Structures are given as C-alpha cells and as structure tokens.
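Chemist: One structure, pasted below without further comment.
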Amino acid sequence: MKLSNETVNVLRNFSDINQNILFKEGNKLNTISTMKNIMAKAEIKESIEQEFGVYDLPEFLRAIDSFQSPVIKFNGTTSLTINDEKSTLKARYAFADKSTLVAPEKEIKMPDLSVCFQLKNNNYESLKKLYTNLSLPDIAIEGKNGKVSLVALDKKNSNSNQSSIVVGEADSEFKAFIKTENMKLIPGDYDVVLSKKKIAHFKNQKVKVEYWIALEADSVFN
C-alpha cells in the first residue's frame with residue numbers, strides 16, 4: 001500500500017488534533033481530540049487493508065518521510081514494514097494497543113441547522129493572520145444586521161484588540177464562540193453549519209474532509 005500526498009497531508013492535519021490514531025479497514029479516517037471537543041473525518045483514495053493503531057502519529061509520518069518511495073506491507077496484527085521502492089531501505093513499525101488510543105466511538109449527526117454560511121479560505125486566512133499576530137484567543141461567529149461576521153477577540157477583556165471580517169448573510173441574530181486554538185482546519189473553502197446544541201460543522205468544498213468543533217458554553221442563539 002502506498003499513501004498519496006493528499007492522504008499524508010490529511011494525517012498531518014489530524015496529528016494536530018490528536019497525536020494517536022486508530023486506522024480502520026476501508027477508505028475512511030477519523031480522529032477526535034483528547035478533550036473530545038474536536039472531531040474530524042476524511043475519505044481517502046487508498047483502502048486500508050486492516051485495523052491498526054498508531055500511538056505517535058507525528059513519529060509515524062516522520063518514518064514515512066524517511067523513504068524516497070515508501071510502500072507499506074502488513075505483518076499480521078502486530079506491525080507493518082515500510083519498504084523503499086528505490087533502495088533496500090526498510091523499517092518495521094510496531095502497532096499500538098487499541099486500549100491506549102483516544103479514538104471516536106461514533107459519528108456526530110448535527111442536531112439542527114440553525115446557521116449556515118460559506119467560509120472562503122482567503123477570508124479566514126486574513127483573519128487568522130491577524131488573530132495570530134495579535135494573540136487573540138477567541139473567534140466570535142456573529143449574526144447581526146443581516147450579516148455573518150467572524151470577529152477575533154479576547155472575550156475576557158472588553159478592551160482587547162479585535163479584528164473582524166464579513167463572511168455571509170444572516171437571517172437571525174446569534175453569537176457563537178470558538179477557541180482559535182481549536183480551528184485546526186486544512187486550508188480551503190468550507191460549508192459551515194452552527195447548531196444551537198453548540199456544535200459547529202465545517203465541510204471542505206474540495207477535499208473530502210470535515211470537522212465538528214464544540215462551541216463555547218456562552219454561545220447564544222436567538
């Protein structure tokens with residue numbers, strides 16, 4: 001089995017959410033943060049032959065990167081071998097015990113579709129640059145005066161620096177908060193849905209990857 005660049009990029013992104021992962025048979029990958037406040041799912045080109053666990057996903061990806069043309073072969077239920085098509089280099093990588101991994105137990109179904117809008121990559125990246133440079137810990141997704149805006153701020157400090165950008169139209173008033181540290185998205189344009197149950201769903205419009213991120217407890221929907 002070979003892993004495409006697209007799949008490796010998804011795995012790098014998932015390693016930012018949780019450093020361990022349970023690969024399952026088939027062409028779906030999923031992960032959940034240890035705090036259970038971020039969940040992600042992706043559909044990949046490859047078909048995983050069997051279930052196996054990786055405790056340190058960044059380490060596993062560094063091992064893959066060590067090969068010019070890596071090919072993965074399974075050694076039963078305990079390990080896999082990475083071979084290089086262009087040399088005699090190879091490595092054995094041992095599987096982690098499933099009980100040591102934090103993995104999703106079931107899929108999330110959005111309980112309601114209270115707010116829907118599209119988030120363009122250039123709009124989000126512009127805001128991200130500012131909230132990073134200004135060290136702002138929160139994003140408010142705000143519906144007001146018929147517009148949906150993303151506002152970067154420190155909600156604990158009313159006098160903090162702020163940055164905002166309009167991203168869509170709103171037919172209701174709401175204010176939903178997400179920690180900037182939880183916005184671990186692969187770059188791209190997204191269809192976004194917010195639920196009154198305080199869950200946000202981000203679905204990439206080109207890459208088959210989607211995220212569910214918990215909204216903060218003080219989020220308000222009118």
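We name chains A, B, ... following the order of the structure tokens; residues begin at 1 in each chain, and ligands are numbered from 1 as shown.
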Which residues are close to Asn27 of chain A, i.e. within 8 Å by only C-alpha atoms, leaving aside same-chain residues fewer than 6 positions away? Reply as a PyMOL selection string.

Modeler: chain A and resi 43-48

Chemist: I need the strand (DSSP E) residues of segment 32-168 of chain A per DSSP on the backbone, written as JSON, numbers by chain.

Modeler: {"A": [32, 38, 39, 40, 41, 42, 43, 44, 45, 46, 47, 48, 52, 53, 54, 70, 71, 72, 73, 74, 75, 79, 80, 81, 82, 83, 84, 90, 91, 92, 93, 94, 115, 116, 117, 118, 119, 138, 139, 140, 141, 142, 143, 144, 147, 148, 149, 150, 151, 152, 153, 163, 164, 165, 166, 167, 168]}

Chemist: Pick out each residue of segment 106-221 of chain A that DSSP on the backbone tags as helix (DSSP H, G or I); I need them as a VMD selection string.

Modeler: chain A and resid 121 to 133 180 to 182

Chemist: Can you tell me which residues surround segment 77-90 of chain A at a distance of at most 10 Å, considering only C-alpha atoms, apart from same-chain residues fewer than 2 positions away, and format the answer as a list in words?

Modeler: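 In the requested format, the answer is Met1, Lys2, Gln50, Glu51, Phe52, Gly53, Ala63, Ile64, Ser66, Phe67, Gln68, Ser69, Pro70, Val71, Ile72, Lys73, Phe74, Asn75, Arg92, Tyr93, Ala94, Phe95, Ala96 and Asp97 of chain A.
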
Chemist: Between atom CA of Val166 of chain A and atom CA of Gln118 of chain A, what distance in Å does the model show, to one decimal?

Modeler: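 Between atom CA of Val166 of chain A and atom CA of Gln118 of chain A the gap works out to 10.9 Å.
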
Chemist: Tyr55 of chain A: which residues within 8 Å, counting only C-alpha atoms, same-chain residues fewer than 4 positions away excluded, as a PyMOL selection string?

Modeler: chain A and resi 19-21+95-96+100-101

Chemist: Residues as selected, C-alpha atoms, written as a compact mmCIF listing (two decimals), in the first residue's frame, can you do that?

Modeler:
```txt
# COMPACT_ATOMS: atom_id res chain seq x y z
CA GLN A 19 -1.24 12.53 18.21
CA ASN A 20 -2.58 9.00 18.08
CA ILE A 21 -4.97 7.41 15.62
CA PHE A 95 1.29 -1.18 16.27
CA ALA A 96 -0.09 0.40 19.43
CA THR A 100 -4.04 3.15 24.66
CA LEU A 101 -5.64 5.25 21.90
```

Chemist: Which residue, A:Phe60, A:Ala42, A:Val54, A:Gly26, has the smallest gap to Val10 of chain A when you use only C-alpha atoms?

Modeler: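 Using only C-alpha atoms, the shortest distance to Val10 of chain A belongs to A:Ala42.
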
Chemist: Give me the residues of segment 100-156 of chain A that have any atom at most 12 Å from an atom of segment 205-209 of chain A; for each, the nearest atom pair and the distance in Å, rounded to one decimal. Use only C-alpha atoms, sort by chain and number, and format it as JSON lines.

Modeler:
```
{"residue": "A:Gln118", "atom": "CA", "partner": "A:Gln205", "partner_atom": "CA", "distance": 9.4}
{"residue": "A:Leu119", "atom": "CA", "partner": "A:Gln205", "partner_atom": "CA", "distance": 9.9}
{"residue": "A:Lys120", "atom": "CA", "partner": "A:Gln205", "partner_atom": "CA", "distance": 9.8}
{"residue": "A:Asn121", "atom": "CA", "partner": "A:Gln205", "partner_atom": "CA", "distance": 10.5}
```

Chemist: What gap, in Å, lies between atom CA of Lys155 of chain A and atom CA of Lys196 of chain A?

Modeler: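 About the pair atom CA of Lys155 of chain A and atom CA of Lys196 of chain A: they are 19.7 Å apart.
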
Chemist: Pick the closest to Ser4 of chain A from A:Glu59, A:Glu49, A:Asp189, A:Asp65: which is it, counting only C-alpha atoms?

Modeler: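 Ranking A:Glu59, A:Glu49, A:Asp189, A:Asp65 by distance to Ser4 of chain A, first place goes to A:Asp65.
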
Chemist: Point out the residue among A:Ser114, A:Gln162, A:Asn123, A:Ser135 with the least atom-to-atom distance to Val220 of chain A, counting only C-alpha atoms.

Modeler: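 Closest residue, counting only C-alpha atoms: A:Ser114.
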
Chemist: Do you have the atom CA of Asp154 of chain A-atom CA of Tyr124 of chain A distance handy?

Modeler: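 Interatomic distance here is 17.5 Å.
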
Chemist: So, with only C-alpha atoms as the atoms that count, which of A:Cys116, A:Asn161, A:Ile139, A:Ser33 lies closest to Leu194 of chain A?

Modeler: A:Cys116

Chemist: List the neighbours of Leu150 of chain A out to 9 Å using only C-alpha atoms; skip same-chain residues closer than 2 positions along the sequence, and give me the result as a list in words.

Modeler: Tyr124, Leu127, Ile139, Ala140, Ile141, Glu142, Val148, Ala152, Ser163, Ser164, Ile165, Val166 and Val167 of chain A

Chemist: Quick one: of A:Leu29, A:Thr180, A:Asn157, A:Leu113, who's nearest to Thr7 of chain A, counting only C-alpha atoms?

Modeler: A:Leu29

Chemist: Let me make sure I understand: among A:Ile32, A:Val8, A:Ala176, A:Ala91, which one has the smallest atom-to-atom distance to Ile108 of chain A if we use only C-alpha atoms?

Modeler: A:Ile32

Chemist: List as a PyMOL selection string the protein and nucleic acid residues near Asn18 of chain A, meaning an atom at most 12 Å away when only C-alpha atoms are counted, but skip any in the same chain fewer than 2 places from it.

Modeler: chain A and resi 11-16+20-22+30-40+54-58+101-104+182+184
